[in-house]
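Report on the following structure.
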Amino acid sequence: MSTGEKYLWAAYLVLFGAVLLYVVLISLKVGRLEREITSLVELAREREGRSG
Amino acid sequence: MSTSLRNNGAALLSLSAAALLVAGLSLAIFWAPEDADQGISQKIFYVHVPVALTAYACFFWAAWKALRLLWRGGERYDLESYTAVHMGVIFGVLTLVTGSIWAKVSWGQWWVWSERQLTLFLILFLFYSAYFMLRYSTDPGPRRARTSAVYALFGVVLIPVSFLAIRLAEGLIHPVVFKRDGPAMEGSMFLTFCVCFSGMLALAGALYLVELSGKRADASLRSLRERLA
Amino acid sequence: MSGYIADAAALARKDLLVELRTRDTVPAMLLFVVAALVVFHFALPAESSRLAASGMLWIALLFTALLALVRAFVGERDQGTLDGLILAPCDRSAIWVGKTLSVLAFLLFAEAVALPAFALFYEDVTWELVAGLALANVGIATVGTLLGAMAAAARARELLLPLLFLPLAIPLVVGGVGATVAEDPGRYLAFLGLYDLIFAILSWASFEYVVTE
C-alpha cells in the first residue's frame with residue numbers, strides 16, 4: 001500500500017470511528033435514561049401505594 | 001403519534017445515509033478516476049468536503065432555528081438550535097481531522113495555515129466551543145435560550161466575515177502557494193461527490209434527530225421528576 | 001429620536017461619572033497596556049522586525065480592551081444595578097448605545113497612553129495605525145458590549161467573556177495589523193469598516209433579547 005493510500009484509509013476510518021464513537025455515547029445515554037425511568041416508575045409506584 | 005413519526009424520520013434518514021455513504025465511498029474507491037496530480041490521496045476529497053459542507057449546513061440550520069426562536073418564541077426551537085450546533089461541531093472536528101490528514105499527504109505537514117477552509121474551521125471551532133461554555137454556565141430559562149440564539153446567529157455572520165479576513169490575511173502573512181482545485185472536476189468525480197455529500201447530509205440529519213429526541217427525553221424526564229418529587 | 005439619543009448619552013455619562021469617582025477601570029487599563037508593551041520587549045528576540053512589534057501592539061490593545069469589557073457589565077451585575085437599567089423607561093438598545101460609547105471612551109483613554117508608549121519603545125505611529133485603531137475600536141466596543149451583556153448572566157463571567165470575544169475579534173486583528181503593516185492599507189481599513197457596520201447593526205438589534213429575563 002502506498003503512503004497516499006494509507007492516508008486515504010486513515011481519513012475514511014476517522015469518519016467510521018466517529019460514527020462508532022457516537023453509537024457508544026448514545027448507548028451510554030440510553031442506559032442513563034433507562035435508569036432514570038426505572039427510578040421514576042418506582043417513585044410513582046410508591047406514591048400509589050401510599051395514597052391507595 | 002408525532003413521536004413515532006419523528007423516530008421513523010430518523011430511521012429513514014439512517015437507512016438512506018447508510019445506502020448513500022456505502023454507495024458513494026465505493027464509487028470513490030473503485031469507480032472515480034485517480035487525480036492526475038495528486039494520485040489516490042485526492043480521494044480524501046470525497047470525505048473531507050462533504051463533511052465540511054455538512055458542518056456549514058448544521059450551523060445554518062442552527063441559525064435558522066435561532067432566528068425563529070427570536071422571532072416567534074417557543075421553547076422547542078432552543079433545543080433544536082442547540083442540537084444543530086452540537087452536530088455542526090462534531091462535523092467541524094471531523095473536517096479538521098480529515099483536512100489535517102490531507103494537508104499531511106499533500107504538503108507533508110499536519111497543519112497548513114494557507115489552507116483557507118481549514119483555518120476557517122479552526123476559528124469556527126473556537127467560536128462554537130464557546131457556545132457550549134455559554135450554555136453550561138448560564139441557568140436554564142428563556143434568557144439562556146435567547147442568548148444562545150443570538151450567539152448562534154452571530155456564528156453564521158462570522159463565517160463570511162472570517163473567510164474574508166483569512167483571504168486578506170493570506171496576502172499579508174503567507175503568499176498563496178497551494179491551490180487545491182486544479183483542473184475542473186470530471187463528471188464521474190462530481191457524481192461521486194454528490195452521492196457522498198447527500199449521504200453525509202442524511203447522516204447528519206439522522207444524528208440530529210436522534211440527538212434531539214435524546215435531549216427532549218432528558219427534558220421531559222426532568223420535568224416529570226420535578227412533578228413527582 | 002432625540003429622546004433616544006439623550007437616553008444613550010445620559011447612560012454613557014453615568015458610566016464616565018462612576019469611573020471618575022471610583023477610578024476602577026481606566027488606571028488599570030493604562031497600567032496593563034504599558035506593562036504588556038514592556039513584557040513584549042522581552043518576548044521579542046533582539047533582531048525581530050518592526051512588523052512583529054506592530055502585531056504585538058494589536059495583541060496588547062485587544063487584551064486591554066477585554067479589561068474594559070469585563071468591567072462594563074460585571075460592575076453593574078455585582079452591584080445589582082443592571083436590573084434597574086433594564087427596568088428604566090427607555091429603549092433597551094439605548095442601553096447598548098450608552099455602554100458602547102463609554103467603552104469606546106475607555107479605549108480611547110488607554111490608547112492615548114499606549115500609542116505614545118509604543119512610539120517611545122518601538123516604532124513611530126503612522127496615520128494608518130491610528131485610522132485602523134479608530135475603526136477597530138468601534139468593532140471592539142460594539143461586539144464586546146453585547147458579549148459582555150451575554151456573559152454577565154453566566155456564572156464564570158470573567159472567564160467566559162474572553163472565550164466568546166476572541167474568535168469574533170480575529171477579523172479585527174487581521175484588519176488592524178493589515179492596515180498597520182501592508183503596502184495598501186485601504187483594503188484593510190475598508191474591511192474594518194465593513195466589520196463595524198455589520199456587527200454594530202447585529203449587536204444593536206439583538207441587545208434586547210440578551211438582557212431581558
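Simple scheme: letters A, B, ... for chains in C-alpha cells order, numbers from 1 for residues in each chain, numbers from 1 for ligands in the order shown.
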
Sort by chain and increasing residue number a table of all residues of chain A within 9 Å of chain B, each with its closest pair of atoms and their distance in Å to one decimal, counting only C-alpha atoms, and write it as CSV.
residue,atom,partner,partner_atom,distance
A:Thr3,CA,B:Val105,CA,7.9
A:Gly4,CA,B:Ser41,CA,4.7
A:Glu5,CA,B:Ser41,CA,6.1
A:Lys6,CA,B:Ser41,CA,8.5
A:Tyr7,CA,B:Ile101,CA,6.6
A:Leu8,CA,B:Ser41,CA,5.5
A:Trp9,CA,B:Ile44,CA,8.4
A:Ala10,CA,B:Ile101,CA,7.8
A:Ala11,CA,B:Thr98,CA,5.4
A:Tyr12,CA,B:Val47,CA,6.9
A:Val14,CA,B:Thr98,CA,7.4
A:Leu15,CA,B:Leu94,CA,7.1
A:Ala18,CA,B:Leu94,CA,7.9
A:Tyr22,CA,B:Leu207,CA,8.7
A:Ile26,CA,B:Glu211,CA,8.1
A:Lys29,CA,B:Gly214,CA,7.8
A:Val30,CA,B:Gly214,CA,7.9
A:Leu33,CA,B:Asp218,CA,7.3
A:Glu36,CA,B:Leu221,CA,7.7
A:Ile37,CA,B:Leu221,CA,7.5
A:Leu40,CA,B:Arg225,CA,6.8
A:Leu43,CA,B:Leu228,CA,7.5
A:Ala44,CA,B:Leu228,CA,7.2
A:Arg47,CA,B:Leu228,CA,8.7

- Message: Just list as an MDAnalysis selection string whatever in stretch 35-178 of chain B DSSP marks as alpha helix (DSSP H).
- Response: chainID B and resid 45:72 75:107 116:136 142:173

- Task: Determine, counting only C-alpha atoms, which protein, DNA and RNA residues have an atom within 12 Å of an atom of B:Leu124; residues of the same chain fewer than 2 positions away are not included. Present the result as a PyMOL selection string.
- Result: (chain B and resi 52+55-56+59+85+88-93+95-96+117-122+126-131+152+154-163) or (chain C and resi 164+166-168+170)

Atoms to include: N, CA and C atoms. Write the selected residues as a compact mmCIF listing (two decimals), in the first residue's frame.
# COMPACT_ATOMS: atom_id res chain seq x y z
N ALA B 52 -17.29 18.95 5.49
CA ALA B 52 -17.20 20.39 5.73
C ALA B 52 -18.50 21.08 5.35
N ALA B 55 -21.12 20.46 7.87
CA ALA B 55 -20.95 21.28 9.07
C ALA B 55 -21.54 22.67 8.85
N TYR B 56 -21.27 23.25 7.67
CA TYR B 56 -21.88 24.55 7.38
C TYR B 56 -23.40 24.46 7.43
N PHE B 59 -24.61 24.56 10.90
CA PHE B 59 -24.54 25.89 11.51
C PHE B 59 -25.66 26.78 10.98
N VAL B 85 -26.15 23.01 16.53
CA VAL B 85 -24.78 23.45 16.80
C VAL B 85 -23.92 22.27 17.22
N GLY B 88 -23.02 20.41 14.26
CA GLY B 88 -22.06 21.19 13.48
C GLY B 88 -20.67 21.08 14.05
N VAL B 89 -20.55 21.08 15.38
CA VAL B 89 -19.23 20.99 15.98
C VAL B 89 -18.63 19.61 15.74
N ILE B 90 -19.47 18.57 15.83
CA ILE B 90 -18.95 17.22 15.56
C ILE B 90 -18.40 17.14 14.13
N PHE B 91 -19.21 17.62 13.17
CA PHE B 91 -18.74 17.57 11.79
C PHE B 91 -17.58 18.53 11.56
N GLY B 92 -17.55 19.63 12.31
CA GLY B 92 -16.43 20.55 12.20
C GLY B 92 -15.12 19.90 12.64
N VAL B 93 -15.19 19.14 13.75
CA VAL B 93 -13.98 18.45 14.21
C VAL B 93 -13.54 17.43 13.18
N THR B 95 -14.02 17.64 10.03
CA THR B 95 -13.40 18.39 8.94
C THR B 95 -11.96 18.72 9.26
N LEU B 96 -11.72 19.15 10.51
CA LEU B 96 -10.35 19.49 10.89
C LEU B 96 -9.44 18.27 10.80
N GLN B 117 -9.98 26.92 4.13
CA GLN B 117 -11.13 26.27 4.76
C GLN B 117 -10.75 25.73 6.14
N LEU B 118 -9.55 25.20 6.23
CA LEU B 118 -9.11 24.60 7.48
C LEU B 118 -8.98 25.67 8.55
N THR B 119 -8.39 26.80 8.18
CA THR B 119 -8.24 27.90 9.13
C THR B 119 -9.60 28.41 9.57
N LEU B 120 -10.52 28.53 8.60
CA LEU B 120 -11.86 28.99 8.93
C LEU B 120 -12.52 28.03 9.92
N PHE B 121 -12.34 26.73 9.70
CA PHE B 121 -12.96 25.77 10.62
C PHE B 121 -12.34 25.83 12.00
N LEU B 122 -11.07 26.17 12.06
CA LEU B 122 -10.45 26.32 13.37
C LEU B 122 -11.10 27.48 14.13
N LEU B 126 -13.42 27.21 17.57
CA LEU B 126 -13.23 28.00 18.79
C LEU B 126 -14.52 28.74 19.15
N PHE B 127 -15.13 29.33 18.12
CA PHE B 127 -16.34 30.13 18.35
C PHE B 127 -17.46 29.26 18.92
N TYR B 128 -17.72 28.13 18.29
CA TYR B 128 -18.85 27.31 18.72
C TYR B 128 -18.54 26.51 19.99
N SER B 129 -17.26 26.30 20.28
CA SER B 129 -16.95 25.68 21.58
C SER B 129 -17.34 26.63 22.69
N ALA B 130 -17.13 27.93 22.45
CA ALA B 130 -17.54 28.92 23.45
C ALA B 130 -19.05 28.93 23.62
N TYR B 131 -19.78 28.53 22.57
CA TYR B 131 -21.25 28.41 22.69
C TYR B 131 -21.62 27.42 23.79
N ALA B 152 -25.74 32.02 18.21
CA ALA B 152 -25.76 31.17 17.02
C ALA B 152 -25.92 32.02 15.75
N PHE B 154 -24.82 35.10 15.42
CA PHE B 154 -23.51 35.71 15.20
C PHE B 154 -22.60 34.75 14.44
N GLY B 155 -22.74 33.46 14.73
CA GLY B 155 -21.90 32.46 14.08
C GLY B 155 -22.00 32.50 12.57
N VAL B 156 -23.24 32.53 12.04
CA VAL B 156 -23.34 32.49 10.58
C VAL B 156 -22.90 33.81 9.96
N VAL B 157 -22.96 34.90 10.73
CA VAL B 157 -22.42 36.14 10.18
C VAL B 157 -20.89 36.09 10.20
N LEU B 158 -20.36 35.42 11.23
CA LEU B 158 -18.91 35.33 11.35
C LEU B 158 -18.30 34.50 10.22
N ILE B 159 -19.06 33.53 9.69
CA ILE B 159 -18.48 32.65 8.66
C ILE B 159 -17.97 33.46 7.45
N PRO B 160 -18.83 34.25 6.78
CA PRO B 160 -18.28 35.00 5.64
C PRO B 160 -17.26 36.05 6.04
N VAL B 161 -17.48 36.71 7.20
CA VAL B 161 -16.54 37.76 7.63
C VAL B 161 -15.16 37.15 7.87
N SER B 162 -15.13 35.99 8.55
CA SER B 162 -13.85 35.35 8.81
C SER B 162 -13.20 34.89 7.51
N PHE B 163 -14.04 34.41 6.60
CA PHE B 163 -13.48 33.94 5.34
C PHE B 163 -12.77 35.08 4.62
N LEU C 164 -15.70 34.07 24.48
CA LEU C 164 -16.68 34.49 23.49
C LEU C 164 -16.10 35.51 22.53
N LEU C 166 -12.71 36.44 21.74
CA LEU C 166 -11.52 36.30 20.90
C LEU C 166 -11.79 35.75 19.50
N PRO C 167 -12.62 34.70 19.35
CA PRO C 167 -12.87 34.26 17.97
C PRO C 167 -13.50 35.35 17.11
N LEU C 168 -14.38 36.15 17.71
CA LEU C 168 -15.01 37.23 16.96
C LEU C 168 -14.03 38.36 16.68
N ILE C 170 -10.88 37.97 15.80
CA ILE C 170 -9.83 37.61 14.83
C ILE C 170 -9.89 38.48 13.58

Set out as JSON lines a contact list for chain C and chain B with a cut-off of 9 Å, giving each residue of chain C that qualifies its closest atom pair and distance in Å to one decimal, counting only C-alpha atoms, ordered by chain and rising residue number.
{"residue": "C:Leu147", "atom": "CA", "partner": "B:Tyr151", "partner_atom": "CA", "distance": 8.6}
{"residue": "C:Met150", "atom": "CA", "partner": "B:Thr147", "partner_atom": "CA", "distance": 6.4}
{"residue": "C:Ala151", "atom": "CA", "partner": "B:Leu134", "partner_atom": "CA", "distance": 7.4}
{"residue": "C:Ala153", "atom": "CA", "partner": "B:Thr138", "partner_atom": "CA", "distance": 6.4}
{"residue": "C:Ala154", "atom": "CA", "partner": "B:Thr138", "partner_atom": "CA", "distance": 4.3}
{"residue": "C:Arg155", "atom": "CA", "partner": "B:Ser137", "partner_atom": "CA", "distance": 5.4}
{"residue": "C:Ala156", "atom": "CA", "partner": "B:Ser137", "partner_atom": "CA", "distance": 6.6}
{"residue": "C:Arg157", "atom": "CA", "partner": "B:Ser137", "partner_atom": "CA", "distance": 8.6}
{"residue": "C:Leu160", "atom": "CA", "partner": "B:Leu134", "partner_atom": "CA", "distance": 7.0}
{"residue": "C:Leu163", "atom": "CA", "partner": "B:Ala130", "partner_atom": "CA", "distance": 5.8}
{"residue": "C:Leu164", "atom": "CA", "partner": "B:Ala130", "partner_atom": "CA", "distance": 5.6}
{"residue": "C:Phe165", "atom": "CA", "partner": "B:Phe127", "partner_atom": "CA", "distance": 8.6}
{"residue": "C:Leu166", "atom": "CA", "partner": "B:Phe127", "partner_atom": "CA", "distance": 8.2}
{"residue": "C:Pro167", "atom": "CA", "partner": "B:Phe127", "partner_atom": "CA", "distance": 5.4}
{"residue": "C:Leu168", "atom": "CA", "partner": "B:Leu158", "partner_atom": "CA", "distance": 7.1}
{"residue": "C:Ile170", "atom": "CA", "partner": "B:Ser162", "partner_atom": "CA", "distance": 7.6}
{"residue": "C:Pro171", "atom": "CA", "partner": "B:Ala165", "partner_atom": "CA", "distance": 5.2}
{"residue": "C:Leu172", "atom": "CA", "partner": "B:Ala165", "partner_atom": "CA", "distance": 8.3}
{"residue": "C:Val174", "atom": "CA", "partner": "B:Ala169", "partner_atom": "CA", "distance": 5.9}
{"residue": "C:Gly175", "atom": "CA", "partner": "B:Ala165", "partner_atom": "CA", "distance": 7.2}
{"residue": "C:Val177", "atom": "CA", "partner": "B:Ala169", "partner_atom": "CA", "distance": 9.0}
{"residue": "C:Gly178", "atom": "CA", "partner": "B:Leu172", "partner_atom": "CA", "distance": 6.9}
{"residue": "C:Val181", "atom": "CA", "partner": "B:Leu172", "partner_atom": "CA", "distance": 8.6}
{"residue": "C:Ala182", "atom": "CA", "partner": "B:Leu172", "partner_atom": "CA", "distance": 6.9}
{"residue": "C:Arg187", "atom": "CA", "partner": "B:Leu168", "partner_atom": "CA", "distance": 8.4}
{"residue": "C:Tyr188", "atom": "CA", "partner": "B:Leu168", "partner_atom": "CA", "distance": 7.6}
{"residue": "C:Phe191", "atom": "CA", "partner": "B:Ala165", "partner_atom": "CA", "distance": 7.9}
{"residue": "C:Leu194", "atom": "CA", "partner": "B:Val161", "partner_atom": "CA", "distance": 8.9}
{"residue": "C:Tyr195", "atom": "CA", "partner": "B:Val161", "partner_atom": "CA", "distance": 7.3}
{"residue": "C:Ile198", "atom": "CA", "partner": "B:Val157", "partner_atom": "CA", "distance": 8.4}
{"residue": "C:Phe199", "atom": "CA", "partner": "B:Phe154", "partner_atom": "CA", "distance": 8.4}
{"residue": "C:Leu202", "atom": "CA", "partner": "B:Phe154", "partner_atom": "CA", "distance": 7.9}
{"residue": "C:Ser203", "atom": "CA", "partner": "B:Phe154", "partner_atom": "CA", "distance": 8.9}
{"residue": "C:Ser206", "atom": "CA", "partner": "B:Val150", "partner_atom": "CA", "distance": 6.6}
{"residue": "C:Phe207", "atom": "CA", "partner": "B:Val150", "partner_atom": "CA", "distance": 8.7}
{"residue": "C:Tyr209", "atom": "CA", "partner": "B:Arg146", "partner_atom": "CA", "distance": 5.9}
{"residue": "C:Val210", "atom": "CA", "partner": "B:Thr147", "partner_atom": "CA", "distance": 5.0}
{"residue": "C:Val211", "atom": "CA", "partner": "B:Arg143", "partner_atom": "CA", "distance": 7.5}
{"residue": "C:Thr212", "atom": "CA", "partner": "B:Arg143", "partner_atom": "CA", "distance": 6.7}
{"residue": "C:Glu213", "atom": "CA", "partner": "B:Arg143", "partner_atom": "CA", "distance": 5.2}

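Contact shell of C:Ala65 at 9 Å (only C-alpha atoms; same-chain neighbours under 5 positions omitted): Met29, Ala60, Val70, Val103, Phe106, Leu107, Ala110, Asn137, Ile140, Ala141 and Gly144 of chain C.
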
- Item | Long-range neighbours of C:Leu30 as a list of chain:residue names, 8 Å cut-off, only C-alpha atoms, 5 positions minimum in chain | C:Phe109, C:Ala110, C:Val113, C:Ala114

Selection from above, C-alpha atoms, as an mmCIF file, in the first residue's frame, can you write it?
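The result, stored in selection.cif:
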data_model
loop_
_atom_site.group_PDB
_atom_site.id
_atom_site.type_symbol
_atom_site.label_atom_id
_atom_site.label_comp_id
_atom_site.auth_asym_id
_atom_site.auth_seq_id
_atom_site.Cartn_x
_atom_site.Cartn_y
_atom_site.Cartn_z
ATOM 1 C CA PHE C 109 -8.008 56.776 27.114
ATOM 2 C CA ALA C 110 -5.960 53.592 27.041
ATOM 3 C CA VAL C 113 -1.239 56.315 26.612
ATOM 4 C CA ALA C 114 -0.438 53.197 24.617
#

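Across the model, the gap from atom CA of C:Leu11 to atom CA of C:Ile95 is 6.7 Å.
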
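Contact shell of C:Ile59 at 9 Å (only C-alpha atoms; same-chain neighbours under 5 positions omitted): Ser54, Thr64 and Val173 of chain C.
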
Write the residues of the selection above to a file with C-alpha atoms, as a PDB file, in the first residue's frame.
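Saved to result.pdb:
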ATOM      1  CA  SER C  54       3.079  46.142  15.314  1.00  0.00           C
ATOM      2  CA  THR C  64      -6.548  45.761  27.354  1.00  0.00           C
ATOM      3  CA  VAL C 173      -6.821  41.732  14.313  1.00  0.00           C
TER       4      VAL C 173
END

- Item | B:Phe197 surroundings by only C-alpha atoms, 9 Å radius, close-in-sequence under 5 positions cut, as a PyMOL selection string | chain B and resi 20-21+24+46-47+49-51+53-54+192+202
